[in-house]
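Next comes run21.cif, a file with mmCIF, C-alpha atoms.
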```
data_run
loop_
_atom_site.label_atom_id
_atom_site.label_comp_id
_atom_site.auth_asym_id
_atom_site.auth_seq_id
_atom_site.Cartn_x
_atom_site.Cartn_y
_atom_site.Cartn_z
CA MET A 59 97.18 174.70 21.35
CA THR A 60 95.61 178.04 22.21
CA ARG A 61 92.08 177.63 23.43
CA ILE A 62 89.14 179.31 21.72
CA ASN A 63 86.39 180.20 24.14
CA LEU A 64 83.05 179.62 22.40
CA LYS A 65 81.44 182.34 24.49
CA TRP A 66 83.74 184.89 22.88
CA LEU A 67 83.07 183.50 19.42
CA ILE A 68 79.35 184.12 19.91
CA ILE A 69 80.10 187.68 20.98
CA LEU A 70 82.28 188.22 17.92
CA PHE A 71 79.62 187.10 15.43
CA PRO A 72 77.40 190.20 15.68
CA LEU A 73 80.44 192.45 15.23
CA PHE A 74 81.25 190.55 12.06
CA LEU A 75 77.70 190.78 10.81
CA LEU A 76 77.28 194.48 11.32
CA LEU A 77 79.46 195.00 8.27
CA SER A 78 77.66 192.48 6.09
CA SER A 79 76.14 193.45 2.78
CA CYS A 80 72.70 195.00 2.52
CA ASN A 81 70.25 195.01 -0.34
CA GLU A 82 69.06 198.56 0.29
CA ASP A 83 72.44 199.81 -0.91
CA ASN A 84 71.67 198.56 -4.44
CA VAL A 85 71.11 201.71 -6.44
CA ILE A 86 71.67 202.68 -10.03
CA VAL A 87 72.76 206.22 -10.74
CA ASP A 88 73.71 208.09 -13.87
CA PRO A 89 77.42 207.43 -14.46
CA GLY A 90 79.53 210.17 -13.02
CA SER A 91 76.60 212.28 -11.80
CA ASN A 92 77.20 212.19 -8.04
CA TYR A 93 80.81 211.13 -7.79
CA LYS A 94 84.08 212.93 -7.23
CA LEU A 95 85.94 210.28 -9.20
CA SER A 96 85.19 208.55 -12.48
CA LEU A 97 86.75 205.70 -14.42
CA LYS A 98 86.93 205.73 -18.17
CA GLY A 99 88.34 203.43 -20.79
CA ASN A 100 88.14 202.07 -24.31
CA ILE A 101 87.06 198.63 -25.50
CA PRO A 102 89.16 198.30 -28.67
CA ALA A 103 87.93 194.74 -29.26
CA LEU A 104 84.69 196.33 -30.47
CA TYR A 105 86.46 198.09 -33.30
CA LYS A 106 88.52 197.26 -36.36
CA SER A 107 89.91 200.04 -38.57
CA GLY A 108 87.61 202.52 -36.83
CA VAL A 109 84.44 200.59 -37.70
CA LEU A 110 82.17 199.18 -35.01
CA LYS A 111 82.19 195.37 -35.02
CA LEU A 112 78.81 193.76 -34.35
CA ASN A 113 78.35 190.07 -33.93
CA HIS A 114 75.17 189.50 -35.89
CA THR A 115 74.87 185.89 -34.80
CA ASN A 116 75.04 186.68 -31.08
CA ALA A 117 74.65 190.31 -30.10
CA ASP A 118 75.02 189.36 -26.42
CA SER A 119 78.70 188.62 -27.02
CA THR A 120 79.30 192.34 -27.62
CA ILE A 121 80.18 194.44 -24.57
CA ALA A 122 77.43 197.02 -24.21
CA LYS A 123 77.74 197.97 -20.53
CA VAL A 124 80.24 198.24 -17.73
CA ILE A 125 79.05 197.71 -14.16
CA VAL A 126 80.86 198.81 -11.02
CA PHE A 127 79.78 197.10 -7.81
CA TYR A 128 80.98 197.12 -4.22
CA PRO A 129 81.43 194.62 -1.36
CA ARG A 130 78.11 195.64 0.25
CA GLY A 131 76.11 195.05 -2.95
CA ALA A 132 75.69 198.59 -4.32
CA TYR A 133 76.31 199.06 -8.05
CA ASN A 134 75.92 201.43 -10.96
CA ILE A 135 75.92 200.93 -14.72
CA ALA A 136 77.27 202.85 -17.70
CA GLU A 137 76.72 202.14 -21.38
CA VAL A 138 79.60 201.61 -23.74
CA LYS A 139 79.20 204.13 -26.57
CA ASP A 140 81.44 204.15 -29.63
CA GLY A 141 83.70 201.71 -27.80
CA LYS A 142 84.21 204.04 -24.82
CA PHE A 143 82.77 204.33 -21.33
CA THR A 144 82.86 206.66 -18.34
CA ILE A 145 81.43 205.62 -14.98
CA GLY A 146 81.35 207.28 -11.57
CA VAL A 147 82.88 205.43 -8.63
CA GLU A 148 82.87 205.76 -4.86
CA THR A 149 86.16 206.24 -3.05
CA GLY A 150 87.18 204.82 0.30
CA THR A 151 86.17 201.30 -0.73
CA PRO A 152 87.24 198.60 -3.14
CA ALA A 153 85.25 198.48 -6.37
CA PHE A 154 84.88 195.79 -9.01
CA LEU A 155 84.26 196.34 -12.70
CA VAL A 156 82.52 193.76 -14.88
CA PHE A 157 81.55 193.80 -18.55
CA ALA A 158 78.05 192.91 -19.73
CA GLY A 159 76.09 192.48 -22.94
CA ALA A 160 72.98 194.39 -23.92
CA SER A 161 70.78 191.94 -21.98
CA ASP A 162 72.95 192.22 -18.84
CA ASN A 163 74.70 188.91 -19.54
CA TYR A 164 78.16 188.58 -18.00
CA LEU A 165 81.12 188.89 -20.38
CA GLY A 166 84.15 189.42 -18.14
CA TYR A 167 85.86 191.55 -15.52
CA LEU A 168 88.73 193.98 -15.04
CA CYS A 169 91.95 192.72 -13.46
CA LEU A 170 94.69 195.21 -12.59
CA ARG A 171 97.32 192.55 -11.89
CA GLU A 172 97.43 188.81 -11.36
CA GLY A 173 95.30 187.90 -8.36
CA PHE A 174 94.06 191.47 -7.99
CA GLU A 175 90.44 191.64 -9.10
CA SER A 176 89.44 194.74 -7.13
CA ILE A 177 90.04 198.40 -7.86
CA PRO A 178 91.27 199.59 -4.43
CA LEU A 179 89.78 203.07 -4.27
CA VAL A 180 90.89 203.46 -0.66
CA LYS A 181 94.02 205.44 -1.33
CA VAL A 182 93.34 207.64 -4.33
CA ASP A 183 95.39 210.77 -5.03
CA GLU A 184 93.09 213.59 -3.87
CA ASN A 185 94.00 215.69 -6.90
CA ILE A 186 92.67 213.05 -9.29
CA SER A 187 89.12 213.35 -10.63
CA THR A 188 89.39 210.84 -13.50
CA ILE A 189 91.29 207.59 -13.88
CA ASP A 190 91.78 206.73 -17.54
CA LEU A 191 92.37 203.00 -17.97
CA GLN A 192 92.93 203.63 -21.68
CA ASP A 193 92.52 200.53 -23.89
CA ILE A 194 91.22 197.46 -22.08
CA LEU A 195 92.41 194.26 -23.72
CA LEU A 196 90.16 191.26 -23.16
CA SER A 197 91.24 187.64 -23.19
CA ASN A 198 89.29 184.73 -21.67
CA LYS A 199 86.94 187.21 -19.97
CA ILE A 200 89.82 189.04 -18.26
CA GLY A 201 90.21 192.72 -19.09
CA THR A 202 93.71 194.18 -18.74
CA PRO A 203 94.11 197.97 -18.94
CA THR A 204 96.99 199.43 -20.92
CA HIS A 205 97.25 202.04 -18.16
CA ASN A 206 97.38 200.57 -14.67
CA PRO A 207 96.50 203.10 -11.94
CA LEU A 208 98.17 201.04 -9.20
CA GLY A 209 101.15 202.98 -7.92
CA ASN A 210 100.07 206.03 -9.94
CA GLU A 211 96.59 207.49 -9.30
CA ILE A 212 96.20 204.79 -6.62
CA PRO A 213 99.51 205.08 -4.74
CA LEU A 214 99.52 201.74 -2.93
CA THR A 215 102.90 200.32 -2.05
CA GLU A 216 103.92 196.91 -3.34
CA ASP A 217 103.31 195.46 0.14
CA GLU A 218 99.79 196.94 0.27
CA GLN A 219 99.00 195.59 -3.18
CA GLN A 220 100.18 192.13 -2.15
CA ILE A 221 98.03 192.21 1.00
CA LEU A 222 94.88 193.27 -0.87
CA SER A 223 95.41 190.68 -3.59
CA PHE A 224 95.18 188.04 -0.86
CA LEU A 225 92.37 189.58 1.20
CA ASP A 226 89.95 189.71 -1.75
CA ASP A 227 90.12 185.94 -2.31
CA PHE A 228 86.69 185.23 -0.80
CA PHE A 229 85.04 188.04 -2.75
CA TYR A 230 86.52 187.66 -6.20
CA PRO A 231 84.48 184.50 -6.98
CA ILE A 232 81.55 186.92 -7.37
CA VAL A 233 83.62 188.93 -9.86
CA ARG A 234 84.61 185.89 -11.89
CA ASN A 235 81.15 184.38 -11.60
CA PRO A 236 78.48 186.88 -10.52
CA ASP A 237 75.85 184.25 -11.35
CA VAL A 238 76.51 181.82 -8.50
CA ASP A 239 72.97 180.43 -8.64
CA GLY A 240 73.50 179.49 -12.30
CA ASN A 241 70.29 180.90 -13.80
CA GLY A 242 72.08 182.84 -16.55
CA LYS A 243 71.70 186.28 -14.97
CA MET A 244 74.02 188.24 -12.71
CA ASP A 245 72.68 187.85 -9.20
CA PHE A 246 73.03 191.43 -7.98
CA LEU A 247 71.10 192.71 -10.99
CA GLU A 248 68.21 190.55 -9.78
CA ASN A 249 68.46 192.16 -6.33
CA LYS A 250 70.07 188.99 -5.01
CA PHE A 251 73.41 189.04 -3.29
CA TYR A 252 75.08 185.81 -2.20
CA ARG A 253 78.55 185.82 -0.77
CA LEU A 254 81.10 184.00 1.34
CA GLN A 255 83.17 185.60 4.05
CA ILE A 256 85.72 184.02 6.35
CA MET A 257 86.65 184.30 10.01
CA TRP A 258 90.29 183.48 10.73
CA PHE A 259 91.56 182.67 14.23
CA TYR A 260 95.28 183.07 14.90
CA ARG A 261 97.58 182.33 17.82
CA GLY A 262 99.20 185.71 18.15
CA GLY A 263 101.76 185.20 20.92
CA ASN A 264 102.39 185.85 24.61
CA PHE A 265 102.74 188.90 26.85
CA GLY A 266 105.09 187.27 29.33
CA ASN A 267 106.25 190.09 31.62
CA ASN A 268 105.70 192.77 28.98
CA LEU A 269 102.84 195.11 28.08
CA THR A 270 103.32 194.35 24.37
CA PRO A 271 103.21 190.66 23.47
CA SER A 272 105.61 188.71 21.34
CA TYR A 273 104.59 187.32 17.97
CA SER A 274 106.07 184.77 15.64
CA ILE A 275 106.38 184.55 11.85
CA PRO A 276 104.92 182.68 10.10
CA LEU A 277 101.62 182.95 11.93
CA GLN A 278 100.01 179.91 13.50
CA TYR A 279 96.32 179.64 12.81
CA ASN A 280 93.85 178.28 15.31
CA GLY A 281 90.96 177.56 12.98
CA TRP A 282 88.60 179.22 10.53
CA LYS A 283 84.96 179.18 9.60
CA LEU A 284 82.97 180.39 6.62
CA ALA A 285 80.01 182.73 6.73
CA PHE A 286 77.48 182.55 3.90
CA SER A 287 75.02 185.43 3.57
CA ALA A 288 71.87 185.76 1.48
CA GLN A 289 69.34 188.55 1.10
CA GLY A 290 65.60 188.31 0.56
CA ALA A 291 62.70 186.45 2.12
CA ASN A 292 61.95 182.82 3.02
CA HIS A 293 65.34 182.04 4.51
CA PRO A 294 65.76 178.39 5.52
CA GLU A 295 66.69 177.51 9.08
CA SER A 296 70.06 176.18 7.96
CA VAL A 297 72.22 175.58 4.90
CA ASN A 298 74.67 172.86 3.98
CA PHE A 299 78.31 173.63 3.22
CA TYR A 300 80.25 171.37 0.85
CA PHE A 301 84.02 171.67 0.95
CA PRO A 302 86.04 170.57 -2.11
CA TRP A 303 87.97 167.87 -0.24
CA TYR A 304 84.72 166.17 0.87
CA LEU A 305 81.95 167.07 -1.57
CA SER A 306 79.93 163.97 -0.76
CA SER A 307 79.45 164.93 2.88
CA PRO A 308 77.50 168.11 3.72
CA LEU A 309 78.31 170.13 6.82
CA PRO A 310 75.17 171.85 8.18
CA SER A 311 75.52 175.42 9.38
CA VAL A 312 75.97 175.64 13.15
CA GLU A 313 74.60 179.12 13.78
CA THR A 314 72.62 181.83 12.01
CA ARG A 315 72.16 185.56 12.44
CA LEU A 316 69.37 187.59 10.85
CA ILE A 317 70.04 191.24 10.12
CA GLY A 318 66.42 192.32 10.10
CA GLU A 319 66.95 195.86 8.83
CA TRP A 320 68.47 194.48 5.63
CA ASN A 321 66.72 191.09 5.66
CA THR A 322 70.06 189.36 5.34
CA MET A 323 70.57 185.93 6.86
CA VAL A 324 74.08 184.76 7.64
CA TYR A 325 74.95 181.10 8.16
CA PHE A 326 78.17 179.95 9.81
CA SER A 327 80.00 176.75 9.00
CA PRO A 328 81.50 174.58 11.74
CA LEU A 329 84.92 175.63 13.03
CA ASN A 330 87.69 173.90 11.08
CA LEU A 331 90.87 173.22 13.05
CA MET A 332 92.44 170.62 10.79
CA MET A 333 93.49 172.30 7.57
CA LEU A 334 93.62 175.55 5.64
CA PRO A 335 91.06 176.09 2.86
CA THR A 336 92.29 174.52 -0.37
CA GLU A 337 91.65 175.63 -3.93
CA GLY A 338 88.36 174.47 -5.36
CA ILE A 339 84.61 174.89 -5.56
CA TYR A 340 82.89 175.57 -2.23
CA LYS A 341 79.21 174.79 -2.53
CA VAL A 342 76.33 176.05 -0.45
CA ALA A 343 72.91 174.36 -0.59
CA TYR A 344 70.47 177.20 0.03
CA ASN A 345 66.74 176.52 -0.29
CA ASN A 346 66.49 174.61 -3.58
CA LEU A 347 69.64 176.17 -5.03
CA THR A 348 73.22 174.98 -5.20
CA LEU A 349 75.54 177.97 -5.16
CA ASN A 350 79.12 177.62 -6.39
CA PHE A 351 82.02 179.73 -5.13
CA GLU A 352 85.46 179.11 -6.63
CA ILE A 353 88.02 179.90 -3.92
CA PRO A 354 91.78 179.99 -4.65
CA ASP A 355 94.31 178.10 -2.57
CA GLN A 356 94.71 179.56 0.94
CA SER A 357 97.97 177.86 1.89
CA SER A 358 99.61 181.29 1.90
CA ALA A 359 97.19 182.59 4.55
CA LEU A 360 99.91 182.41 7.19
CA ASN A 361 102.28 184.55 5.13
CA ASN A 362 100.01 187.29 3.74
CA VAL A 363 97.94 188.46 6.69
CA PRO A 364 98.94 191.66 8.53
CA ILE A 365 99.36 191.14 12.26
CA ILE A 366 97.57 193.39 14.73
CA LEU A 367 99.66 193.81 17.87
CA PRO A 368 98.12 195.20 21.11
CA THR A 369 99.91 197.27 23.73
CA VAL A 370 98.50 197.74 27.25
CA SER A 371 98.88 201.00 29.18
CA LEU A 372 98.48 200.94 32.97
CA ASN A 373 97.45 203.37 35.68
CA ASN A 374 99.59 203.81 38.79
CA ASP A 375 97.48 201.22 40.62
CA ASN A 376 98.18 198.56 37.96
CA THR A 377 94.70 198.77 36.43
CA ILE A 378 94.39 199.00 32.65
CA ARG A 379 94.07 202.57 31.37
CA SER A 380 93.92 201.88 27.61
CA LEU A 381 94.75 199.50 24.83
CA SER A 382 96.55 200.66 21.71
CA TRP A 383 97.57 198.67 18.66
CA SER A 384 99.76 198.66 15.62
CA PHE A 385 99.75 196.66 12.41
CA ILE A 386 102.78 194.66 11.39
CA ASN A 387 103.66 193.74 7.83
CA PRO A 388 103.03 190.03 7.04
CA ASN A 389 106.77 189.43 6.90
CA GLY A 390 107.00 190.74 10.48
CA ASN A 391 109.75 193.28 9.95
CA SER A 392 107.96 196.64 9.86
CA SER A 393 104.72 198.44 10.68
CA ILE A 394 102.13 199.10 7.98
CA ASP A 395 99.32 201.64 7.50
CA PRO A 396 96.01 199.77 8.01
CA LYS A 397 93.84 202.28 6.12
CA SER A 398 94.60 200.53 2.83
CA PHE A 399 93.13 197.17 3.92
CA ALA A 400 91.16 197.38 7.20
CA THR A 401 88.05 199.17 8.46
CA VAL A 402 87.48 198.64 12.20
CA VAL A 403 89.16 197.07 15.22
CA ASN A 404 87.68 195.57 18.37
CA PHE A 405 89.16 193.62 21.27
CA GLY A 406 88.33 191.67 24.39
CA ILE A 407 90.07 191.24 27.74
CA GLU A 408 89.58 188.03 29.71
CA SER A 409 90.39 188.08 33.40
CA SER A 410 89.73 186.10 36.53
CA SER A 411 87.43 188.89 37.74
CA GLY A 412 85.36 189.24 34.56
CA ASN A 413 85.54 189.95 30.84
CA TYR A 414 85.55 193.17 28.86
CA GLU A 415 84.68 193.80 25.21
CA SER A 416 85.30 197.02 23.31
CA PRO A 417 82.99 198.51 20.69
CA ASN A 418 84.14 198.71 17.09
CA VAL A 419 86.83 201.37 16.72
CA GLU A 420 87.59 203.01 13.37
CA VAL A 421 90.93 201.88 12.03
CA THR A 422 92.02 205.50 11.71
CA ASN A 423 92.32 205.47 15.51
CA ASN A 424 94.84 203.28 17.27
CA GLN A 425 93.86 203.51 20.94
CA PHE A 426 90.82 202.98 23.13
CA ASN A 427 90.46 204.10 26.75
CA ILE A 428 88.96 201.61 29.18
CA THR A 429 86.58 202.77 31.91
CA GLN A 430 85.97 199.35 33.49
CA ILE A 431 88.33 198.56 36.36
CA ILE A 432 90.52 195.63 35.33
CA ASN A 433 93.68 194.82 37.24
CA TRP A 434 96.45 193.74 34.90
CA SER A 435 97.49 190.98 37.27
CA SER A 436 94.08 189.32 36.86
CA VAL A 437 94.20 189.21 33.03
CA THR A 438 94.57 185.78 31.46
CA ARG A 439 94.23 186.58 27.76
CA ILE A 440 93.52 189.38 25.27
CA TRP A 441 92.03 188.92 21.84
CA ILE A 442 92.07 191.64 19.24
CA ALA A 443 90.46 191.60 15.81
CA TYR A 444 90.03 193.63 12.64
CA HIS A 445 87.67 193.59 9.67
CA ASP A 446 89.19 193.94 6.24
CA LEU A 447 87.69 195.91 3.36
CA PHE A 448 85.86 192.80 2.15
CA ASP A 449 84.24 192.15 5.56
CA ASN A 450 86.43 189.19 6.43
CA HIS A 451 87.40 188.97 10.10
CA TYR A 452 90.84 188.26 11.65
CA ILE A 453 91.04 187.42 15.35
CA PHE A 454 94.38 187.19 17.20
CA PHE A 455 94.69 185.63 20.66
CA TYR A 456 97.50 186.75 22.98
CA GLU A 457 98.08 184.74 26.15
CA LYS A 458 99.40 186.19 29.39
#
```
Show this structure as structure tokens.
Amino acid sequence: MTRINLKWLIILFPLFLLLSSCNEDNVIVDPGSNYKLSLKGNIPALYKSGVLKLNHTNADSTIAKVIVFYPRGAYNIAEVKDGKFTIGVETGTPAFLVFAGASDNYLGYLCLREGFESIPLVKVDENISTIDLQDILLSNKIGTPTHNPLGNEIPLTEDEQQILSFLDDFFYPIVRNPDVDGNGKMDFLENKFYRLQIMWFYRGGNFGNNLTPSYSIPLQYNGWKLAFSAQGANHPESVNFYFPWYLSSPLPSVETRLIGEWNTMVYFSPLNLMMLPTEGIYKVAYNNLTLNFEIPDQSSALNNVPIILPTVSLNNDNTIRSLSWSFINPNGNSSIDPKSFATVVNFGIESSSGNYESPNVEVTNNQFNITQIINWSSVTRIWIAYHDLFDNHYIFFYEK
């Protein structure tokens, strides 16, 4: 089994946390006022024969607002008027759309396709200023648009859609249940933002005598751990994680990181080497609250994760000049554009003469020059990692 050096895990944590959510992003703006793109749609369930339907026994069951929010916690709200809405959205990020009553009670969410709860505004046609979802049909709190922008205004390939539908699995519990503390109000509207993220560790392959390593499909994972983050004051020293296969036995967090600028505390679960996350309710005991996150089955994690593959370039004296990388489709047979699912890359080089760690590199680049003198013959292992659009972290280890 590939070894995981705990020293490198500690180094990786701050890189992971730098992209965590922050409360200061939470702003409400007039819908469409400062945006280059807007969403609009109709809620036909509010109407019958052109007459507005009001539920006089429970007005809160009538959709009065749509709310768009983002993985870092920012959101904005638009009212539904005459069964129609228009709301401004940011591009370059996934967005999530939920439906609310007049008192901000949760009534449902938009789903573009099965397992795809986000609106991936990372690859929008630049000539588009408005995406018209047309009629949104609601059933069991799931809103399905009669016009789906995937493949049209949002020209993602089928492969990219499949990847994103898997990567959002640890964020969509907030879309399906934005009231994880169970007090009857959507958490982010109370300036609270609780979330789970995941760190995956994979055995990538071996360099052998080559400057580009081999890799195997399906991937072999080398463990995972959860990261729970909470904003606000009075953070406890630790939290307890409860996994669905052992709800009677809490697992205390093993490490914390405070992001002081945003007053966000992040708690890490122990490293799990034994099994992939199963479908079920993952509970976090935080202060006097029990928070519930419903995570789907992750048995497909080895088949739906893009591979990041490093390539080493050498100087004439056999020292490392640079490291470049490419992303390989989860099925392993072709390269894939990372801009639709990833944000930054970083890597580390372990050698008998010392270790090197790169800064975060924007995913739009694919190479980083190395100024430290590292002889290729002294290298024992390279790890390389990327953050996805939902701030999950994927770390691949390549032996030499």
task: Please evaluate the PyMOL selection byres ((chain A and resi 287-299) around 8) against the structure above and give the resulting residues as a PyMOL selection string.
output: chain A and resi 78+80-81+250-254+285-286+300-301+308-314+320-325+327+340-345
Minimum-distance residue to A:Ile232, chosen among A:Met257, A:Val156, A:Leu195, A:Ile453 (using only C-alpha atoms):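 Looking only at the distances to A:Ile232, the closest residue turns out to be A:Val156.
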message: Quick check, in Å to one decimal: how far apart do atom CA of A:Val233 and atom CA of A:Gly201 lie?
response: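 Result for atom CA of A:Val233 versus atom CA of A:Gly201: 12.0 Å, one decimal.
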query: Could you pull the residues within 10 Å of A:Lys98, counting all atoms listed in the file, minus those fewer than 4 positions along the same chain, as a PyMOL selection string?
result: chain A and resi 142-146+188-193
For A:Glu216, work out the shell of residues within 12 Å, counting all atoms listed in the file and skipping chain neighbours fewer than 6 positions away, then give it as a tab-separated table (two decimals) with C-alpha atoms, keeping the file's coordinate frame.
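Saved to part14.tsv:
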```tsv
chain	number	residue	atom	x	y	z
A	171	ARG	CA	97.32	192.55	-11.89
A	208	LEU	CA	98.17	201.04	-9.20
A	209	GLY	CA	101.15	202.98	-7.92
A	210	ASN	CA	100.07	206.03	-9.94
A	222	LEU	CA	94.88	193.27	-0.87
A	223	SER	CA	95.41	190.68	-3.59
A	387	ASN	CA	103.66	193.74	7.83
A	394	ILE	CA	102.13	199.10	7.98
A	398	SER	CA	94.60	200.53	2.83
```
